[in-house]
$ cat my_file_34.txt   # compact mmCIF, C-alpha atoms and all ligand atoms
# COMPACT_ATOMS: atom_id res chain seq x y z
CA MET A 1 0.00 0.00 0.00
CA ASP A 2 1.28 3.48 -0.86
CA THR A 3 1.30 5.49 2.36
CA ARG A 4 3.07 8.58 1.07
CA VAL A 5 1.64 11.88 2.27
CA PHE A 6 3.15 14.09 -0.42
CA GLY A 7 3.10 13.22 -4.12
CA HIS A 8 5.88 13.98 -6.59
CA SER A 9 4.39 17.26 -7.87
CA THR A 10 3.96 18.61 -4.33
CA LYS A 11 7.56 17.77 -3.50
CA VAL A 12 8.68 19.64 -6.63
CA ALA A 13 6.51 22.63 -5.68
CA PHE A 14 7.77 22.60 -2.08
CA ALA A 15 11.39 22.37 -3.25
CA ASP A 16 10.79 25.38 -5.49
CA ALA A 17 9.29 27.44 -2.63
CA TYR A 18 11.32 26.41 0.45
CA PRO A 19 12.24 28.26 2.58
CA ARG A 20 11.19 31.73 1.41
CA GLN A 21 7.96 31.50 -0.58
CA SER A 22 4.45 30.64 0.53
CA ARG A 23 2.94 27.90 -1.66
CA LYS A 24 -0.24 25.89 -2.00
CA LEU A 25 0.46 22.15 -1.83
CA THR A 26 -1.53 18.91 -1.65
CA HIS A 27 -1.42 15.96 0.75
CA ASP A 28 -2.81 12.46 1.16
CA LEU A 29 -3.67 12.33 4.86
CA LEU A 30 -7.45 12.38 4.64
CA ASP A 31 -7.87 8.70 5.56
CA GLU A 32 -5.58 8.91 8.59
CA PRO A 33 -7.49 7.38 11.55
CA LEU A 34 -5.51 9.47 14.07
CA LEU A 35 -7.02 12.64 12.64
CA THR A 36 -10.77 12.02 12.81
CA LEU A 37 -12.80 14.24 15.14
CA ASP A 38 -13.29 11.29 17.51
CA ALA A 39 -9.56 10.53 17.59
CA LEU A 40 -8.80 14.20 18.23
CA ALA A 41 -11.28 14.34 21.13
CA ASN A 42 -9.38 11.37 22.64
CA LEU A 43 -6.07 13.10 21.94
CA ALA A 44 -7.30 16.21 23.78
CA ALA A 45 -8.20 14.05 26.79
CA ALA A 46 -4.73 12.44 26.73
CA LEU A 47 -2.67 15.65 26.44
CA PRO A 48 -1.66 17.60 29.55
CA ALA A 49 -3.81 20.68 30.19
CA GLU A 50 -0.94 23.08 29.37
CA SER A 51 -0.81 21.66 25.83
CA ILE A 52 -4.38 22.70 25.08
CA GLU A 53 -5.38 26.21 24.19
CA TYR A 54 -9.08 26.66 23.88
CA ASN A 55 -11.78 29.22 23.93
CA PRO A 56 -15.08 27.58 24.82
CA GLY A 57 -16.81 30.58 23.29
CA ALA A 58 -20.40 29.69 23.94
CA LEU A 59 -20.30 30.17 27.72
CA PRO A 60 -22.80 32.76 28.91
CA ILE A 61 -21.34 36.07 30.04
CA GLY A 62 -22.56 35.78 33.62
CA ILE A 63 -21.74 32.18 34.51
CA ALA A 64 -20.80 31.29 38.10
CA PRO A 65 -17.30 29.75 38.28
CA GLU A 66 -18.61 26.43 39.60
CA TYR A 67 -20.67 25.96 36.41
CA VAL A 68 -17.76 26.52 34.00
CA PRO A 69 -16.86 23.04 32.68
CA ALA A 70 -13.59 21.60 33.98
CA SER A 71 -11.01 22.13 31.25
CA GLU A 72 -10.49 18.51 30.19
CA LEU A 73 -14.18 17.63 29.90
CA GLY A 74 -14.81 21.09 28.47
CA VAL A 75 -12.36 20.73 25.64
CA VAL A 76 -13.49 17.22 24.69
CA GLU A 77 -17.09 18.42 24.48
CA THR A 78 -16.02 21.53 22.61
CA ILE A 79 -14.29 19.37 19.98
CA ARG A 80 -17.19 16.95 19.63
CA ASN A 81 -19.60 19.88 19.17
CA ILE A 82 -17.30 22.08 17.15
CA ARG A 83 -19.99 22.88 14.57
CA GLU A 84 -22.13 24.65 17.16
CA SER A 85 -19.69 25.61 19.89
CA GLU A 86 -18.39 28.86 18.33
CA SER A 87 -14.96 27.94 19.60
CA TRP A 88 -11.44 27.16 18.57
CA VAL A 89 -9.05 24.66 20.06
CA VAL A 90 -5.31 24.16 19.55
CA LEU A 91 -3.78 20.83 20.57
CA LYS A 92 -0.10 21.61 21.03
CA HIS A 93 2.91 19.32 20.84
CA ILE A 94 0.94 16.31 19.68
CA GLU A 95 4.29 14.46 19.50
CA GLN A 96 3.98 13.94 23.27
CA ILE A 97 1.66 11.04 22.42
CA ASP A 98 3.59 8.17 20.81
CA ALA A 99 1.26 7.45 17.89
CA TYR A 100 1.27 11.14 16.90
CA ALA A 101 5.07 11.32 17.24
CA VAL A 102 5.30 8.46 14.73
CA LEU A 103 2.85 10.19 12.39
CA LEU A 104 4.75 13.49 12.58
CA GLU A 105 8.07 11.77 11.84
CA ARG A 106 6.52 9.91 8.91
CA ILE A 107 5.29 13.16 7.35
CA LEU A 108 8.42 15.24 8.01
CA GLY A 109 10.62 12.34 6.92
CA GLU A 110 9.32 12.76 3.37
CA LEU A 111 10.78 16.28 3.22
CA VAL A 112 14.17 15.83 4.90
CA HIS A 113 16.01 15.49 1.58
CA ILE A 114 14.58 18.84 0.41
CA VAL A 115 15.01 20.75 3.67
CA GLY A 116 18.49 19.50 4.63
CA PRO A 117 20.52 20.94 1.74
CA ARG A 118 18.87 24.35 2.15
CA THR A 119 18.48 25.08 5.87
CA GLY A 120 20.20 22.10 7.52
CA ALA A 121 18.81 19.40 9.80
CA MET A 122 15.14 19.58 10.81
CA MET A 123 15.27 20.44 14.50
CA GLN A 124 12.58 20.90 17.17
CA ARG A 125 9.99 18.92 15.22
CA GLU A 126 6.52 19.76 16.57
CA GLY A 127 2.90 19.20 15.55
CA PHE A 128 -0.17 21.30 16.31
CA ILE A 129 -3.81 20.58 15.50
CA PHE A 130 -6.34 23.38 15.05
CA ILE A 131 -10.03 22.57 15.47
CA SER A 132 -12.24 25.56 14.74
CA SER A 133 -15.91 26.41 14.50
CA PRO A 134 -17.20 27.94 11.23
CA ASN A 135 -16.00 31.48 10.43
CA ALA A 136 -13.43 31.63 13.27
CA VAL A 137 -10.65 34.19 12.74
CA THR A 138 -7.01 34.03 13.88
CA PRO A 139 -5.60 37.57 14.11
CA PHE A 140 -2.57 38.91 12.25
CA HIS A 141 0.69 37.43 13.57
CA PHE A 142 3.89 35.60 12.65
CA ASP A 143 5.43 32.34 13.86
CA PRO A 144 9.13 31.54 14.28
CA GLU A 145 8.92 27.99 12.84
CA HIS A 146 9.06 26.52 9.37
CA ASN A 147 5.49 25.30 8.88
CA ILE A 148 3.25 23.35 6.57
CA LEU A 149 -0.45 23.59 7.39
CA LEU A 150 -2.36 20.53 6.14
CA GLN A 151 -6.12 21.03 5.83
CA LEU A 152 -8.09 17.94 6.84
CA SER A 153 -11.68 19.07 6.95
CA GLY A 154 -13.58 22.26 6.14
CA SER A 155 -11.82 25.18 4.49
CA LYS A 156 -9.57 27.98 5.61
CA THR A 157 -8.20 31.10 3.93
CA MET A 158 -4.76 32.22 5.02
CA THR A 159 -3.61 35.64 3.84
CA LEU A 160 0.18 35.78 3.86
CA PHE A 161 2.68 38.61 3.58
CA PRO A 162 6.41 38.42 2.78
CA ALA A 163 8.57 37.94 5.88
CA GLU A 164 11.04 40.53 4.54
CA ASP A 165 8.46 43.33 4.25
CA GLU A 166 9.55 45.41 7.23
CA ALA A 167 6.82 48.01 6.78
CA ILE A 168 4.44 45.20 7.79
CA ASN A 169 6.74 43.23 10.08
CA PRO A 170 8.75 45.93 11.91
CA PRO A 171 12.31 45.00 13.00
CA ILE A 172 11.71 46.37 16.49
CA VAL A 173 8.74 44.01 16.99
CA GLN A 174 10.73 41.04 15.66
CA GLU A 175 13.67 41.82 17.94
CA ALA A 176 11.42 42.13 20.98
CA PHE A 177 9.66 38.86 20.08
CA HIS A 178 12.91 36.92 20.02
CA LEU A 179 13.73 38.20 23.50
CA GLY A 180 10.31 37.15 24.79
CA GLU A 181 9.26 40.79 25.24
CA HIS A 182 6.52 40.97 22.61
CA HIS A 183 3.54 38.84 21.64
CA ARG A 184 3.65 37.35 18.15
CA ASN A 185 0.56 39.32 17.13
CA LEU A 186 1.28 42.26 14.81
CA PRO A 187 -0.50 45.60 14.49
CA TRP A 188 -2.80 45.55 11.44
CA GLN A 189 -3.40 48.46 9.07
CA GLU A 190 -6.03 48.38 6.32
CA HIS A 191 -3.57 49.43 3.61
CA PHE A 192 -1.55 46.22 4.18
CA ALA A 193 -4.39 44.21 2.62
CA GLU A 194 -3.40 44.76 -1.02
CA ARG A 195 0.09 43.36 -0.37
CA GLY A 196 -1.20 40.01 0.91
CA THR A 197 -1.59 36.71 -0.92
CA ALA A 198 -4.76 34.84 0.05
CA ILE A 199 -4.54 31.05 -0.20
CA THR A 200 -7.71 29.03 0.39
CA VAL A 201 -7.31 25.36 1.24
CA GLY A 202 -9.85 22.56 1.53
CA PRO A 203 -9.44 18.91 2.55
CA GLY A 204 -6.35 17.40 0.91
CA GLU A 205 -4.66 20.77 0.40
CA ALA A 206 -1.86 22.43 2.35
CA ILE A 207 0.10 25.68 2.64
CA HIS A 208 3.82 26.19 3.11
CA VAL A 209 4.09 29.08 5.57
CA PRO A 210 7.62 30.53 5.53
CA VAL A 211 9.36 31.38 8.84
CA LYS A 212 7.98 34.64 10.23
CA ALA A 213 5.78 35.40 7.22
CA PRO A 214 2.95 37.48 8.74
CA HIS A 215 -0.52 35.99 8.21
CA TRP A 216 -4.10 35.96 9.39
CA VAL A 217 -6.63 33.17 8.97
CA GLN A 218 -10.36 32.96 8.33
CA VAL A 219 -12.19 29.63 8.64
CA GLY A 220 -14.86 28.94 5.98
CA PRO A 221 -18.55 28.10 6.54
CA GLU A 222 -17.88 24.55 7.83
CA PRO A 223 -15.97 23.39 10.94
CA SER A 224 -12.26 23.18 10.20
CA ILE A 225 -9.53 20.75 11.23
CA SER A 226 -5.91 21.47 10.28
CA LEU A 227 -2.59 19.90 11.18
CA SER A 228 0.50 22.09 11.36
CA ILE A 229 3.83 20.32 11.03
CA THR A 230 6.69 22.55 12.14
CA TRP A 231 10.43 22.50 12.55
CA ARG A 232 13.33 24.86 13.24
CA SER A 233 16.67 24.99 11.47
CA GLU A 234 20.13 26.37 12.13
CA TRP A 235 19.25 29.05 9.57
CA SER A 236 16.06 30.07 11.47
CA TYR A 237 17.87 30.07 14.83
CA ALA A 238 20.63 32.25 13.38
CA GLU A 239 18.11 34.75 12.00
CA ALA A 240 16.40 34.89 15.41
CA ASP A 241 19.71 35.32 17.25
CA ALA A 242 20.83 38.05 14.84
CA ARG A 243 17.57 39.88 15.61
CA ALA A 244 18.23 39.51 19.34
CA PHE A 245 21.76 40.90 18.84
CA ASN A 246 20.30 43.84 16.91
CA ARG A 247 18.15 44.62 19.93
CA THR A 248 21.33 45.07 21.96
CA LEU A 249 22.86 47.33 19.30
CA ARG A 250 19.67 49.39 19.18
CA LYS A 251 19.76 49.85 22.96
CA LEU A 252 23.24 51.33 22.47
CA GLY A 253 21.73 53.93 20.14
CA LEU A 254 22.83 52.25 16.90
CA LYS A 255 20.65 51.49 13.86
CA PRO A 256 21.59 47.90 13.03
CA ARG A 257 21.06 46.42 9.59
CA SER A 258 18.38 43.71 9.52
CA PRO A 259 19.46 40.09 9.01
CA ARG A 260 19.57 39.31 5.32
CA PRO A 261 17.06 36.84 3.87
CA PHE A 262 17.89 33.26 2.90
CA PRO A 263 20.36 32.13 1.56
CA ALA A 264 22.37 34.54 3.77
CA ARG A 265 23.25 32.74 7.02
CA ASN A 266 23.63 35.69 9.41
CA ARG A 267 26.30 33.76 11.29
CA ALA A 268 28.44 36.65 12.58
CA LYS A 269 25.66 38.34 14.53
CA ALA A 270 24.20 35.02 15.65
CA LEU A 271 27.56 33.92 17.04
CA ALA A 272 28.03 37.31 18.71
CA TRP A 273 24.62 36.97 20.38
CA ARG A 274 25.33 33.40 21.51
CA ALA A 275 28.69 34.47 23.00
CA MET A 276 27.04 37.41 24.77
CA SER A 277 24.22 35.25 26.14
CA ARG A 278 26.78 32.88 27.64
CA ILE A 279 28.65 35.59 29.50
CA SER A 280 25.68 37.64 30.73
CA PRO A 281 24.26 36.70 34.13
FE FE A 301 0.20 31.13 12.54

$ encode --input "my_file_34.txt" --output "structure tokens" --more "lines below"
Ligand SMILES: [Fe+2]
Amino acid sequence: MDTRVFGHSTKVAFADAYPRQSRKLTHDLLDEPLLTLDALANLAAALPAESIEYNPGALPIGIAPEYVPASELGVVETIRNIRESESWVVLKHIEQIDAYAVLLERILGELVHIVGPRTGAMMQREGFIFISSPNAVTPFHFDPEHNILLQLSGSKTMTLFPAEDEAINPPIVQEAFHLGEHHRNLPWQEHFAERGTAITVGPGEAIHVPVKAPHWVQVGPEPSISLSITWRSEWSYAEADARAFNRTLRKLGLKPRSPRPFPARNRAKALAWRAMSRISP
């Protein structure tokens, strides 16, 4: 039986885009038994509470604390009733559960030969599952990981912006983010809209989301389930560390040059930051 997740044409398209360009891809995970709504409700019950981010949404405004559902039961019910619950749930670090770790490795393993020569070994491999009620919106933000979002059920439109567009993704915000001083959400301005690329995906389709490419997401009229497979690379760590080093230079009153985009490696500033971090208290 052919159990490949990505076909030849998707691998060619991914190789053409990685790591800088967003790209619509396809996948073959729709029959995966670990990703049905029932299986995901069980996964939510098995994960530790800190790995679940959820907004139960439909709770009345004036509910007494003793009537708010306990989080584990609450999230399982929220997932099973996702069509009506006006909620969104993120199951984080699914690789904590053995069967999902195997699944994640199987999927990422198909891309190692494309990723390795460009950005080095796939490090910090992590999976996230998003279960959302119809029409849910994720606000404008960026993420520090390499990411492929695989749509499993329902549809989703992600509007993406180039990571290098510093009018949209200001260096000062990026620097603060890498030092843990700023949330990943970005300020939105209406005039950004025309510079975005909207990619709509349905079941069997996927999106390559480049490292730190700003994006916002709108779920379609049906409940949505998506799987995000993510990894970091020496290249992405170096870019982050160079940003952190720039923060130090800026505090000294300098105007540092931004890290250069791939294929530049930004090693000098990254090494300077790593040396500094080791000697500071
Ligand atoms: Fe995101």

$ residues_near_ligand --input "my_file_34.txt" --ligand "ligand FE 301 (chain A)" --cutoff "7 Å" --atoms "all atoms listed in the file" --output "list in words"
His141, Phe142, Asp143 and His215 of chain A

$ residues_around --input "my_file_34.txt" --residues "Ala46 of chain A" --least-positions-apart "3" --cutoff "12 Å" --atoms "all atoms listed in the file" --output "list in words"
Ala39, Leu40, Ala41, Asn42, Leu43, Ala49, Glu50, Ser51, Ile52, Glu72, Leu73, Val75, Val76, Leu91, Lys92, His93, Ile94, Glu95, Gln96, Ile97, Asp98, Ala99 and Tyr100 of chain A

$ atom_distance --input "my_file_34.txt" --atom1 "atom CA of Asp38 of chain A" --atom2 "atom CA of Val102 of chain A"
19.0 Å

$ closest_residue --input "my_file_34.txt" --among "A:Gln174, A:Ser228, A:Thr36, A:Asn55" --to "Glu126 of chain A" --atoms "all atoms listed in the file"
A:Ser228

$ closest_residue --input "my_file_34.txt" --among "A:Pro263, A:Gly120, A:Pro221, A:Pro210" --to "Ser133 of chain A" --atoms "all atoms listed in the file"
A:Pro221

$ axis_aligned_box --input "my_file_34.txt" --around "segment 7-17 of chain A" --padding-each-side "8 Å" --output "JSON"
{"center_x": 7.2, "center_y": 20.3, "center_z": -5.0, "size_x": 24.3, "size_y": 30.2, "size_z": 21.8}

$ residues_around --input "my_file_34.txt" --residues "segment 22-33 of chain A" --least-positions-apart "4" --cutoff "7 Å" --atoms "all atoms listed in the file" --output "ChimeraX atom specification"
/A:5-6,10,17,152,199,204-210

$ residues_around --input "my_file_34.txt" --residues "segment 240-251 of chain A" --least-positions-apart "4" --cutoff "7 Å" --atoms "only C-alpha atoms" --output "PyMOL selection string"
chain A and resi 174-175+178-179+236+255-256+259+266+269-270+273

$ atom_distance --input "my_file_34.txt" --atom1 "atom CA of His191 of chain A" --atom2 "atom CA of Lys212 of chain A"
19.9 Å

$ closest_residue --input "my_file_34.txt" --among "A:Met122, A:Asn147, A:Glu239, A:Ile279" --to "Arg265 of chain A" --atoms "only C-alpha atoms"
A:Glu239
